[in-house]
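What follows is one structure encoded as structure tokens, with my remarks underneath.
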Amino acid sequence: MAEPTRVVILGGGFAGLETARQLECSLAADRQVAVTLISRDNFLLFTPMLAEVAVGAVAPSHVAVPLRSFLRRVQVWQAEVGAIDLDARVVTARHATTGHEHRVPYDQLVLALGAVSSYHGVPGAAEHTLGFKTLADAAQARARVVDCFEQAALESEAAVRRALLTFVVAGGGYTGVELAAALADFLRELRRYYPPLARERLHLVLAHHGPRLLEELPEAAAAYTLRLLQREGIAVRLHTAVSRVAADHVELQPGGTLPTYTVFWAAGVAPNPLVEALPLPKSPHGAVAVDRYLAVPGHAGVWALGDCAAVPNPRGGTYGPTAQNAERQAAVVAHNLLATLRGAPLRPLDYQPLGMLASLGRHRAVGRIGRWQFAGFSAWLLWRMVYLAKLPSADRRLRVGLDWLADLLLPPDIVNTAAPRPSASRATVPGT
């Protein structure tokens, strides 16, 4: 028998996993195509709920769904992609524990590598800010906030206390707004556990370089969001850029220096660094440029989608880096990849996003679905119903539902398992 056609998918996010699922469903018992999915993590992270993980409303593992629970025919590799040789048509994958490398040949390659934080050249941002893209980021965010309260409760200097209780979120898109709103609720709940801080001011700043928040939504929704965040005590600074970050302060332009030990970075993303090294056509922002069929021009057998690709929108511009766009693109990539192998016509991507919803803290949200706009409590209920339904696993939907019930009935958990520890050289032993 002839060797099967080898399809390799790089990335286990919404784009990569959905491509693998579509191929698995289409191929069924067909053994003429072998599909391998290579991902750094062995799970899909449901990023729309990351802010709720950061404030303890949802357990981290409940928004992470094992890739293997979806895929039976597709081979799953948990490994780091080290290099891609387009000429030899080989991917090098490395295991984290042993460092062992494997050379994985391919006939068809799907790039779904996602994106990383972009610091736009801001000095100190990479070293002194907290990102917000992974489960580890969410855990670190919660640990930092609790640790700042713990230290502030013991601090005798008023200026240091103020800096410890000042939190800055850079970026007024969906990630930044949802994080700031969740933090506002969390900070208020935390305060009652720290009597020495009862009279201290909690200062939460949201800095956004643009003229309004949530630029993907209509102006009315952005204005509602601004009013709500301000009413919740968040200092929203529009037309404000972060120009420098240090360990104990941030510089805003305009705005000057703001003493703080905590800056969350949600001010932009860039394609995975692996993409930058590939000799492929790129967009001005560094994403892989693809045609309307999601194929990379001039590179037969290479496809790209999701956050690492610049996917043209027939209505102008490119599709945004959202989960729903990635999943729609995945269906087109899977269809066109198989159509290429079978000599069938390709299908162009022509998709109008259904809408967007953003959580604004406890019992409030804002969004648009089709022509309809929602805000307040009704939008919050809709947000919860939509995203609970979109969780790609029944057991995760049950677990998250129970988490939400517990969060409603029980006080917040302030256990800080990720608190920094003193080094061994500085640790003291009682009685010595």
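Following the order of the structure tokens, first chain is A, next is B, and so on, with residues numbered from 1 inside each chain and ligands from 1 in the order they appear.
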### Ala159 (chain A) surroundings by only C-alpha atoms, 12 Å radius, close-in-sequence under 4 positions cut, as a VMD selection string
chain A and resid 152 155 163 to 166 200 to 201 248 to 249 258 to 261
Please dump the current selection as a PDB file, in the first residue's frame; keep C-alpha atoms.
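File selection_24.pdb, as written:
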```pdb
ATOM      1  CA  ALA A 152       0.452  46.188  52.397  1.00  0.00           C
ATOM      2  CA  GLU A 155       3.847  47.927  55.575  1.00  0.00           C
ATOM      3  CA  ALA A 163       2.048  51.561  45.525  1.00  0.00           C
ATOM      4  CA  LEU A 164       1.200  48.031  46.687  1.00  0.00           C
ATOM      5  CA  LEU A 165      -2.523  48.810  46.429  1.00  0.00           C
ATOM      6  CA  THR A 166      -2.233  50.399  42.981  1.00  0.00           C
ATOM      7  CA  GLU A 200      -6.691  52.613  52.439  1.00  0.00           C
ATOM      8  CA  ARG A 201      -7.598  53.606  48.900  1.00  0.00           C
ATOM      9  CA  ASP A 248       8.084  49.837  41.336  1.00  0.00           C
ATOM     10  CA  HIS A 249       6.442  52.269  38.902  1.00  0.00           C
ATOM     11  CA  LEU A 258       2.583  56.193  38.827  1.00  0.00           C
ATOM     12  CA  PRO A 259       4.101  54.167  41.701  1.00  0.00           C
ATOM     13  CA  THR A 260       2.935  50.550  41.487  1.00  0.00           C
ATOM     14  CA  TYR A 261       4.280  47.031  41.774  1.00  0.00           C
TER      15      TYR A 261
END
```
### Task
Find the spatial neighbours of Ala223 (chain A), counting only C-alpha atoms, within a cut-off of 10 Å - ignore same-chain residues fewer than 3 positions away - and output them as a PyMOL selection string.
chain A and resi 212-214+218-220+226-228
### Query
Quick one: of A:Phe70, A:Tyr293, A:Thr322, A:Leu135, who's nearest to Pro345 (chain A), counting only C-alpha atoms?
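Among A:Phe70, A:Tyr293, A:Thr322, A:Leu135, it is A:Tyr293 that comes nearest to Pro345 (chain A).
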### Message
Let's see if you can do this: from backbone DSSP, list all helix (DSSP H, G or I) residues in region 208-418 of chain A, as a PyMOL selection string.
### Response
chain A and resi 219-231+273-277+306-308+323-342+377-390+394-409
### Summary
Residue with the minimum atom-to-atom distance to Gln22 (chain A), picked from A:Gln140, A:Thr134, A:Gln151, A:Gln329 with only C-alpha atoms counted, is A:Gln329
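Counting only C-alpha atoms, region 60-62 of chain A has the following residues at most 8 Å away, ignoring those fewer than 3 positions along the same chain: Val53, Val65, Leu135, Ala139, Arg396, Arg399 and Val400 of chain A.
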### Message
For the strand (DSSP E) assignment from backbone DSSP, which residues of region 254-383 of chain A qualify? Please present them as number ranges by chain.
### Response
A: 256-259, 262-265, 269-271, 288-289, 302-304, 309-310, 355-359, 365-369, 372-376
Produce a table with one row for each residue of region 92-176 of chain A that has an atom at most 8 Å from any atom of region 262-273 of chain A, each row naming the nearest atom pair and its distance in Å at one decimal; use only C-alpha atoms; arrange rows by chain and rising residue number; format as CSV.
```
residue,atom,partner,partner_atom,distance
A:Leu113,CA,A:Asn272,CA,6.1
A:Gly114,CA,A:Asn272,CA,6.0
A:Ala115,CA,A:Pro271,CA,4.2
A:Val116,CA,A:Ala270,CA,5.4
A:Ser117,CA,A:Val269,CA,4.4
A:Ser118,CA,A:Val269,CA,4.5
A:Tyr119,CA,A:Gly268,CA,7.2
A:Ala125,CA,A:Trp265,CA,7.9
A:His128,CA,A:Val263,CA,7.4
A:Thr129,CA,A:Val263,CA,5.0
A:Leu130,CA,A:Phe264,CA,4.7
A:Gly131,CA,A:Trp265,CA,5.1
A:Phe132,CA,A:Ala266,CA,6.5
A:Ala141,CA,A:Phe264,CA,7.9
A:Arg144,CA,A:Thr262,CA,7.5
A:Val145,CA,A:Thr262,CA,8.0
A:Leu164,CA,A:Thr262,CA,7.7
A:Thr166,CA,A:Thr262,CA,7.2
A:Phe167,CA,A:Thr262,CA,5.3
A:Val168,CA,A:Val263,CA,4.7
A:Val169,CA,A:Phe264,CA,4.7
A:Ala170,CA,A:Trp265,CA,5.1
A:Gly171,CA,A:Ala267,CA,4.0
A:Gly172,CA,A:Ala267,CA,7.2
A:Gly173,CA,A:Ala267,CA,7.6
A:Thr175,CA,A:Ala266,CA,6.1
A:Gly176,CA,A:Ala266,CA,5.2
```
### Message
Restricting the calculation to only C-alpha atoms: of A:Arg292, A:Arg89, A:Arg21, A:Arg68, which residue gets closest to Gly317 (chain A)?
### Response
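Using only C-alpha atoms, the shortest distance to Gly317 (chain A) belongs to A:Arg292.
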### Message
What's around region 368-380 of chain A at 10 Å? Count only C-alpha atoms, leave out sequence neighbours fewer than 4 positions away in its own chain, and write the answer as a list in words.
### Response
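Returned residues: Glu216, Leu217, Pro218, Ala220, Ala221, Tyr224, Thr225, Leu228, Gln352, Pro353, Leu354, Gly355, Met356, Leu357, Ala358, Ser359, Leu360, Gly361, Arg362, His363, Arg364, Arg384, Met385 and Val386 of chain A.
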Atoms kept (N, CA and C atoms) for selection, written as a short mmCIF file (atom, residue, chain, number, x, y, z; two decimals), in the first residue's frame:
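Result file is result-v3.cif:
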```cif
data_model
loop_
_atom_site.label_atom_id
_atom_site.label_comp_id
_atom_site.auth_asym_id
_atom_site.auth_seq_id
_atom_site.Cartn_x
_atom_site.Cartn_y
_atom_site.Cartn_z
N GLU A 216 -14.15 47.06 18.91
CA GLU A 216 -14.89 46.17 18.02
C GLU A 216 -16.41 46.32 18.17
N LEU A 217 -16.84 46.95 19.26
CA LEU A 217 -18.27 47.11 19.52
C LEU A 217 -18.73 48.52 19.13
N PRO A 218 -20.04 48.72 18.95
CA PRO A 218 -20.54 50.06 18.61
C PRO A 218 -20.21 51.10 19.68
N ALA A 220 -22.08 53.13 21.31
CA ALA A 220 -22.96 53.13 22.48
C ALA A 220 -22.51 52.10 23.52
N ALA A 221 -22.07 50.94 23.05
CA ALA A 221 -21.59 49.90 23.97
C ALA A 221 -20.30 50.34 24.65
N TYR A 224 -21.19 52.91 27.32
CA TYR A 224 -21.77 52.24 28.49
C TYR A 224 -20.67 51.60 29.33
N THR A 225 -19.74 50.93 28.67
CA THR A 225 -18.64 50.29 29.38
C THR A 225 -17.81 51.30 30.15
N LEU A 228 -19.72 52.48 33.25
CA LEU A 228 -19.81 51.43 34.27
C LEU A 228 -18.49 51.26 35.00
N GLN A 352 -19.44 36.18 8.34
CA GLN A 352 -19.75 37.38 9.11
C GLN A 352 -19.85 36.99 10.58
N PRO A 353 -18.95 37.50 11.45
CA PRO A 353 -19.00 37.13 12.87
C PRO A 353 -20.39 37.37 13.46
N LEU A 354 -20.80 36.45 14.33
CA LEU A 354 -22.15 36.53 14.89
C LEU A 354 -22.30 37.68 15.86
N GLY A 355 -21.23 38.04 16.54
CA GLY A 355 -21.29 39.11 17.53
C GLY A 355 -20.21 38.93 18.57
N MET A 356 -20.22 39.80 19.55
CA MET A 356 -19.22 39.76 20.61
C MET A 356 -19.88 40.11 21.94
N LEU A 357 -19.39 39.48 23.01
CA LEU A 357 -19.86 39.77 24.36
C LEU A 357 -18.66 39.96 25.26
N ALA A 358 -18.76 40.90 26.19
CA ALA A 358 -17.67 41.15 27.14
C ALA A 358 -18.24 41.22 28.55
N SER A 359 -17.66 40.46 29.46
CA SER A 359 -18.07 40.49 30.86
C SER A 359 -17.52 41.74 31.53
N LEU A 360 -18.35 42.41 32.32
CA LEU A 360 -17.93 43.62 33.02
C LEU A 360 -18.03 43.45 34.53
N GLY A 361 -17.72 42.27 35.00
CA GLY A 361 -17.77 42.02 36.43
C GLY A 361 -19.06 41.34 36.83
N ARG A 362 -19.30 41.33 38.13
CA ARG A 362 -20.45 40.61 38.67
C ARG A 362 -21.78 41.18 38.17
N HIS A 363 -22.54 40.33 37.47
CA HIS A 363 -23.90 40.63 37.04
C HIS A 363 -23.99 41.71 35.96
N ARG A 364 -22.90 41.99 35.25
CA ARG A 364 -22.95 42.99 34.18
C ARG A 364 -22.11 42.55 33.00
N ARG A 384 -23.08 34.43 30.16
CA ARG A 384 -22.88 33.16 30.85
C ARG A 384 -23.50 31.99 30.08
N MET A 385 -24.68 32.18 29.55
CA MET A 385 -25.32 31.09 28.81
C MET A 385 -24.55 30.75 27.54
N VAL A 386 -24.11 31.77 26.81
CA VAL A 386 -23.40 31.54 25.55
C VAL A 386 -22.08 30.84 25.80
#
```
### Message
Just to confirm, what's the straight-line distance from CA of Glu327 (chain A) to CA of Thr19 (chain A) in Å (one decimal)?
### Response
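Computing it gives 7.7 Å between the two atoms.
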Using only C-alpha atoms, what table do you get, as a tab-separated table, when you list each residue of region 29-122 of chain A with an atom no more than 10 Å from region 10-17 of chain A, its nearest pair of atoms, and their distance in Å rounded to one decimal, rows by chain then rising number?
```
residue	atom	partner	partner_atom	distance
A:Thr36	CA	A:Leu10	CA	8.6
A:Leu37	CA	A:Leu10	CA	6.1
A:Ile38	CA	A:Leu10	CA	5.1
A:Ser39	CA	A:Gly11	CA	4.8
A:Arg40	CA	A:Gly11	CA	7.4
A:Asp41	CA	A:Gly12	CA	7.2
A:Asn42	CA	A:Gly12	CA	7.6
A:Phe43	CA	A:Gly12	CA	7.1
A:Leu44	CA	A:Gly13	CA	5.5
A:Leu45	CA	A:Gly13	CA	6.9
A:Phe46	CA	A:Phe14	CA	8.4
A:Thr47	CA	A:Gly13	CA	9.5
A:Pro66	CA	A:Gly12	CA	9.9
A:Leu67	CA	A:Leu17	CA	7.4
A:Phe70	CA	A:Leu17	CA	8.5
A:Leu71	CA	A:Leu17	CA	8.8
A:Val76	CA	A:Gly12	CA	9.2
A:Trp77	CA	A:Gly12	CA	9.8
A:Gln78	CA	A:Gly12	CA	9.2
A:Ala79	CA	A:Gly11	CA	10.0
A:Glu80	CA	A:Gly11	CA	9.6
A:Val81	CA	A:Leu10	CA	7.7
A:Val91	CA	A:Leu10	CA	9.1
A:Ala93	CA	A:Leu10	CA	10.0
A:Leu109	CA	A:Leu10	CA	7.8
A:Val110	CA	A:Leu10	CA	6.2
A:Leu111	CA	A:Leu10	CA	5.3
A:Ala112	CA	A:Gly11	CA	5.0
A:Leu113	CA	A:Gly11	CA	4.6
A:Gly114	CA	A:Gly11	CA	7.0
```
### Task
Select, from A:Val55, A:Ala323, A:Ile84, A:Leu204, the residue with the minimum atom-to-atom distance to Val275 (chain A), counting only C-alpha atoms.
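Residue with the minimum atom-to-atom distance to Val275 (chain A): A:Ile84.
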### Query
Quick one: distance from CA of Leu86 (chain A) to CA of Pro284 (chain A) in Å, one decimal?
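Here the two named atoms are 21.7 Å from each other.
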#### Entry: Among the residues A:Ala331, A:Leu183, A:Ala418, A:Ala310, the one that comes closest to Ala136 (chain A) [using only C-alpha atoms]
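Selected residue with least distance to Ala136 (chain A): A:Ala418.
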### Task
Just the residues within 8 Å of region 410-413 of chain A, please, counting only C-alpha atoms, with nothing from its chain fewer than 6 positions along; format it as a VMD selection string.
chain A and resid 56 189 to 190
Would you output that residue set with N, CA and C atoms, as a PDB file, in the first residue's frame?
```
ATOM      1  N   GLY A  56     -10.467  33.742  40.876  1.00  0.00           N
ATOM      2  CA  GLY A  56     -10.896  32.600  41.668  1.00  0.00           C
ATOM      3  C   GLY A  56     -12.346  32.204  41.509  1.00  0.00           C
ATOM      4  N   GLU A 189     -13.668  42.605  47.494  1.00  0.00           N
ATOM      5  CA  GLU A 189     -13.908  41.441  48.344  1.00  0.00           C
ATOM      6  C   GLU A 189     -12.705  41.133  49.223  1.00  0.00           C
ATOM      7  N   LEU A 190     -11.518  41.344  48.696  1.00  0.00           N
ATOM      8  CA  LEU A 190     -10.314  41.059  49.466  1.00  0.00           C
ATOM      9  C   LEU A 190     -10.168  41.974  50.665  1.00  0.00           C
TER      10      LEU A 190
END
```
Please provide the set of residues having any atom within 12 Å of Arg199 (chain A), restricted to only C-alpha atoms, with same-chain residues fewer than 2 positions apart removed, written as a PDB file with C-alpha atoms, in the first residue's frame.
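Saved as selection04.pdb:
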```
ATOM      1  CA  ALA A 153      -1.179  45.016  55.629  1.00  0.00           C
ATOM      2  CA  ALA A 158       2.296  55.062  53.494  1.00  0.00           C
ATOM      3  CA  ARG A 161       1.323  50.887  50.866  1.00  0.00           C
ATOM      4  CA  ARG A 162      -0.202  53.082  48.190  1.00  0.00           C
ATOM      5  CA  LEU A 165      -2.523  48.810  46.429  1.00  0.00           C
ATOM      6  CA  ARG A 191     -10.286  44.236  51.542  1.00  0.00           C
ATOM      7  CA  ARG A 192     -12.565  42.836  54.255  1.00  0.00           C
ATOM      8  CA  TYR A 194      -7.371  42.894  55.896  1.00  0.00           C
ATOM      9  CA  PRO A 195      -8.598  45.223  58.691  1.00  0.00           C
ATOM     10  CA  PRO A 196      -5.392  47.345  58.609  1.00  0.00           C
ATOM     11  CA  LEU A 197      -6.316  48.326  55.037  1.00  0.00           C
ATOM     12  CA  ARG A 201      -7.598  53.606  48.900  1.00  0.00           C
ATOM     13  CA  LEU A 202      -7.582  50.874  46.269  1.00  0.00           C
TER      14      LEU A 202
END
```
### Task
Counting only C-alpha atoms, figure out which residue out of A:Leu252, A:Val33, A:Ala406, A:Ala198 gets nearest to Arg237 (chain A).
A:Leu252
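Straight-line separation from CA of Val146 (chain A) to CA of Ile414 (chain A): 6.8 Å.
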